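> Submitted below is the structure of interest, expressed as structure tokens.
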Amino acid sequence: MLNWDNPLDTFTNEKTVTSITNEHALDSIEQVGESEIPQHSTSSLDTMKPVAAEDKRVINGLTDINQLAPFKYPWAWNFFLNANKNHWTPLDINMSKDVHDYHHRLTQEEKHVYENVLSYLTTSDILAMRNVGLAVMEKMTAPELQIYQARQVYEEALHTWTYQHCIETIGLDQGEIYNRYRVVPAINNKIQMANTKINSVLRPDIDLNDKDELENFVMSYMFFAGVFEGCWFYNGFSPIFSLQRRGLMSGTSEQLQYIMRDEVMHSAFGIRTVKQIIFENDMKLDPKAIKDMWLEAEACETEYAHYILRDPILGYSAEEHIEQFRFIANRRAKQLNHAEPFPGAGNTLTWLDEQANLRKEKNFFETRVTEYQAGGALKWD
């Protein structure tokens, strides 16, 4: 079963990567006399020095960003390799039953839940894509991290396509669904909290050598990894999974199961990267700021839960949703080496971890000439 705290703990292909010395580059430097080197070429000569793994840093590094190996962070490369095993497109999943379920089996309350979950997710994944692609990735100075983040940007776009495919297939009013986040306060407040975080670091004049700027960047990245993807996405899928448990909307649920695999990886990678930045820069974050982040996130999630579940549906309620958020928040805080923000929170959805695991060996591409490993062949245990 997928390990939510460390999805790569069973990865079997991890190897220790050693530094590789570029002997040809060294020889060419040694053969050049001082008289042959123009005075202005000192910096040019520095760029010809072989990259040593120990000189790399996650941010504010001075090594060649274009040179992948030697690795300092082989775990980041392993994230990239494993992410490529979870490959699908929304067109590969049969949605015909969902069309029938939505129009003939769902109650009005269940339709309200389904539509608003999709409305929130469509905007959220675009925000996640912008955060990684524009606010985070360009600040990384170790290419092995950037390469996984490039895959992450693609995956966020794929998720957005998936929600769009569900909306289009079911026959929902696209303009109305997509605009709900702008007119429904309970959805908008979550989006605005995320917008505030991304806008604080998406500035051309940001200087991460400045202690305050660096702390703000880490807090923003921590929010997206720990709260936005680690809690809000995880909790955001659970109402749909509750329908799946009752034999409803199975196509949409299967789509979300594949997305869930990606999001677990995104959260785990972001949390590990944040911890690495904190370690490399000997940072001490403000405990009050961290606590306030969790409390604000809980307030947003509480309002959202009471809106989408204003009338409980069979087997799922707003109270269960909120308590599950607190439970998962404690899990993410522990991964970040923080104190639990909600001590004593209970696991109200005991079925969720199992429900969210895709337990299929499906080859989407068995009828195609070229076959390759799809998400269903991923081995998590």
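Convention: chains lettered A, B, ... in structure tokens order; per-chain residue numbering from 1; ligands numbered from 1 as shown.
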Can you list, as a list in words, every protein, DNA or RNA residue that comes within 10 Å of stretch 282-289 of chain A when you count only C-alpha atoms, leaving out same-chain residues fewer than 3 positions away?

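The contact residues come out as Lys211, Leu214, Glu215, Asn216, Val218, Met219, Lys275, Gln276, Ile277, Ile278, Phe279, Asp292, Met293, Trp294, Leu295, His338 and Ala339 of chain A.
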
> Take the selection from the previous step and output its residues with C-alpha atoms, as an mmCIF file, in the first residue's frame.


```
data_model
loop_
_atom_site.group_PDB
_atom_site.id
_atom_site.type_symbol
_atom_site.label_atom_id
_atom_site.label_comp_id
_atom_site.auth_asym_id
_atom_site.auth_seq_id
_atom_site.Cartn_x
_atom_site.Cartn_y
_atom_site.Cartn_z
ATOM 1 C CA LYS A 211 17.038 36.405 5.630
ATOM 2 C CA LEU A 214 14.209 33.504 2.421
ATOM 3 C CA GLU A 215 11.970 32.854 5.407
ATOM 4 C CA ASN A 216 8.938 34.117 3.493
ATOM 5 C CA VAL A 218 10.143 28.822 2.747
ATOM 6 C CA MET A 219 6.827 29.582 4.458
ATOM 7 C CA LYS A 275 13.447 20.690 5.165
ATOM 8 C CA GLN A 276 16.626 20.628 3.067
ATOM 9 C CA ILE A 277 16.522 24.413 2.593
ATOM 10 C CA ILE A 278 16.004 24.908 6.327
ATOM 11 C CA PHE A 279 18.962 22.620 7.070
ATOM 12 C CA ASP A 292 -1.226 30.772 12.311
ATOM 13 C CA MET A 293 -0.836 29.151 8.877
ATOM 14 C CA TRP A 294 -2.509 25.948 10.090
ATOM 15 C CA LEU A 295 -5.296 27.832 11.858
ATOM 16 C CA HIS A 338 6.443 20.823 13.661
ATOM 17 C CA ALA A 339 4.244 20.436 16.694
#
```

> Which residues come within 6 Å of stretch 45-59 of chain A, counting only C-alpha atoms, excluding same-chain residues fewer than 4 positions away, as a list in words?

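Counting only C-alpha atoms, the residues come to Pro70, Phe71, Lys72, Met140, Thr141 and Ala142 of chain A.
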
> Restrict the selected residues to C-alpha atoms and save them as a short mmCIF file (atom, residue, chain, number, x, y, z; two decimals), in the first residue's frame.


```cif
data_model
loop_
_atom_site.label_atom_id
_atom_site.label_comp_id
_atom_site.auth_asym_id
_atom_site.auth_seq_id
_atom_site.Cartn_x
_atom_site.Cartn_y
_atom_site.Cartn_z
CA PRO A 70 27.16 14.45 -9.94
CA PHE A 71 24.02 14.34 -7.80
CA LYS A 72 23.86 15.84 -4.35
CA MET A 140 16.22 26.04 -7.54
CA THR A 141 19.98 25.85 -8.20
CA ALA A 142 20.26 22.05 -8.38
#
```

> Please identify which residues in stretch 224-327 of chain A DSSP calls helix (DSSP H, G or I) from the backbone, and express them as a VMD selection string.

chain A and resid 224 to 245 250 to 280 287 to 308 318 to 327

> As an NGL selection string, please: the residues near A:Leu336 (cut-off 9 Å, only C-alpha atoms, same-chain neighbours under 6 positions excluded).

:A and (222 or 226 or 271-272 or 274-275)

> Quick one: of A:Leu106, A:Ala186, A:Leu349, A:Leu62, who's nearest to A:Ala299, counting only C-alpha atoms?

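The closest residue to A:Ala299 is A:Ala186.
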
> Under the rule that only C-alpha atoms are counted, which of A:Met95, A:Leu314, A:Ala329, A:Met129 is the nearest residue to A:Leu243?

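Result for the nearest residue to A:Leu243: A:Leu314.
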
> Using only C-alpha atoms, which of the listed residues (A:Leu91, A:Met249, A:Ile191, A:Met265) sits closest to A:Ser124?

A:Ile191

> If we count only C-alpha atoms and set the cut-off at 9 Å, which residues sit around A:Pro90, ignoring sequence neighbours fewer than 4 positions away in its own chain? Please answer as a list of chain:residue names.

A:Asn94, A:Leu158, A:His159, A:Trp161, A:Thr162, A:Tyr163, A:His165, A:Cys166, A:Gln255

> Hey, can you check how far atom CA of A:Leu145 sits from atom CA of A:Glu340?

28.2 Å

> From the list A:Ala135, A:Glu229, A:Pro204, A:Pro185, which residue is nearest A:Arg261 when using only C-alpha atoms?

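Nearest to A:Arg261: A:Glu229.
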
> Excluding same-chain residues fewer than 2 positions from stretch 232-239 of chain A, what lies within 7 Å of it counting only C-alpha atoms, as a list in words?

Val117, Val227, Phe228, Glu229, Gly230, Phe241, Ser242, Leu243, Leu256, Phe325 and Leu352 of chain A

> Would you mind exporting the chosen residues as a PDB file, in the first residue's frame, restricted to N, CA and C atoms?


```pdb
ATOM      1  N   VAL A 117     -16.815  20.317  -5.766  1.00  0.00           N
ATOM      2  CA  VAL A 117     -15.474  19.742  -5.661  1.00  0.00           C
ATOM      3  C   VAL A 117     -14.714  19.983  -6.957  1.00  0.00           C
ATOM      4  N   VAL A 227       0.041  22.171   3.173  1.00  0.00           N
ATOM      5  CA  VAL A 227      -1.388  22.476   3.303  1.00  0.00           C
ATOM      6  C   VAL A 227      -2.120  22.291   1.976  1.00  0.00           C
ATOM      7  N   PHE A 228      -1.696  23.021   0.968  1.00  0.00           N
ATOM      8  CA  PHE A 228      -2.440  23.078  -0.288  1.00  0.00           C
ATOM      9  C   PHE A 228      -2.533  21.701  -0.944  1.00  0.00           C
ATOM     10  N   GLU A 229      -1.362  21.063  -1.136  1.00  0.00           N
ATOM     11  CA  GLU A 229      -1.367  19.743  -1.774  1.00  0.00           C
ATOM     12  C   GLU A 229      -1.456  18.624  -0.739  1.00  0.00           C
ATOM     13  N   GLY A 230      -0.818  18.818   0.415  1.00  0.00           N
ATOM     14  CA  GLY A 230      -0.780  17.758   1.417  1.00  0.00           C
ATOM     15  C   GLY A 230      -2.074  17.553   2.170  1.00  0.00           C
ATOM     16  N   PHE A 241     -14.585  10.109  -3.336  1.00  0.00           N
ATOM     17  CA  PHE A 241     -14.320   8.720  -2.966  1.00  0.00           C
ATOM     18  C   PHE A 241     -15.463   8.132  -2.140  1.00  0.00           C
ATOM     19  N   SER A 242     -16.163   8.977  -1.376  1.00  0.00           N
ATOM     20  CA  SER A 242     -17.300   8.469  -0.602  1.00  0.00           C
ATOM     21  C   SER A 242     -18.431   8.025  -1.532  1.00  0.00           C
ATOM     22  N   LEU A 243     -18.567   8.706  -2.673  1.00  0.00           N
ATOM     23  CA  LEU A 243     -19.546   8.272  -3.673  1.00  0.00           C
ATOM     24  C   LEU A 243     -19.114   6.957  -4.306  1.00  0.00           C
ATOM     25  N   LEU A 256      -9.409  10.460 -10.049  1.00  0.00           N
ATOM     26  CA  LEU A 256      -8.855  11.100  -8.854  1.00  0.00           C
ATOM     27  C   LEU A 256      -7.859  10.197  -8.136  1.00  0.00           C
ATOM     28  N   PHE A 325      -9.458  16.740   8.043  1.00  0.00           N
ATOM     29  CA  PHE A 325      -8.450  17.748   7.716  1.00  0.00           C
ATOM     30  C   PHE A 325      -7.480  17.917   8.879  1.00  0.00           C
ATOM     31  N   LEU A 352     -10.233   5.998   4.070  1.00  0.00           N
ATOM     32  CA  LEU A 352      -9.745   6.865   3.004  1.00  0.00           C
ATOM     33  C   LEU A 352      -8.404   6.419   2.439  1.00  0.00           C
TER      34      LEU A 352
END
```

> To one decimal in Å, tell me the separation between atom CA of A:Thr123 and atom CA of A:Thr196.

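Result for atom CA of A:Thr123 versus atom CA of A:Thr196: 14.8 Å, one decimal.
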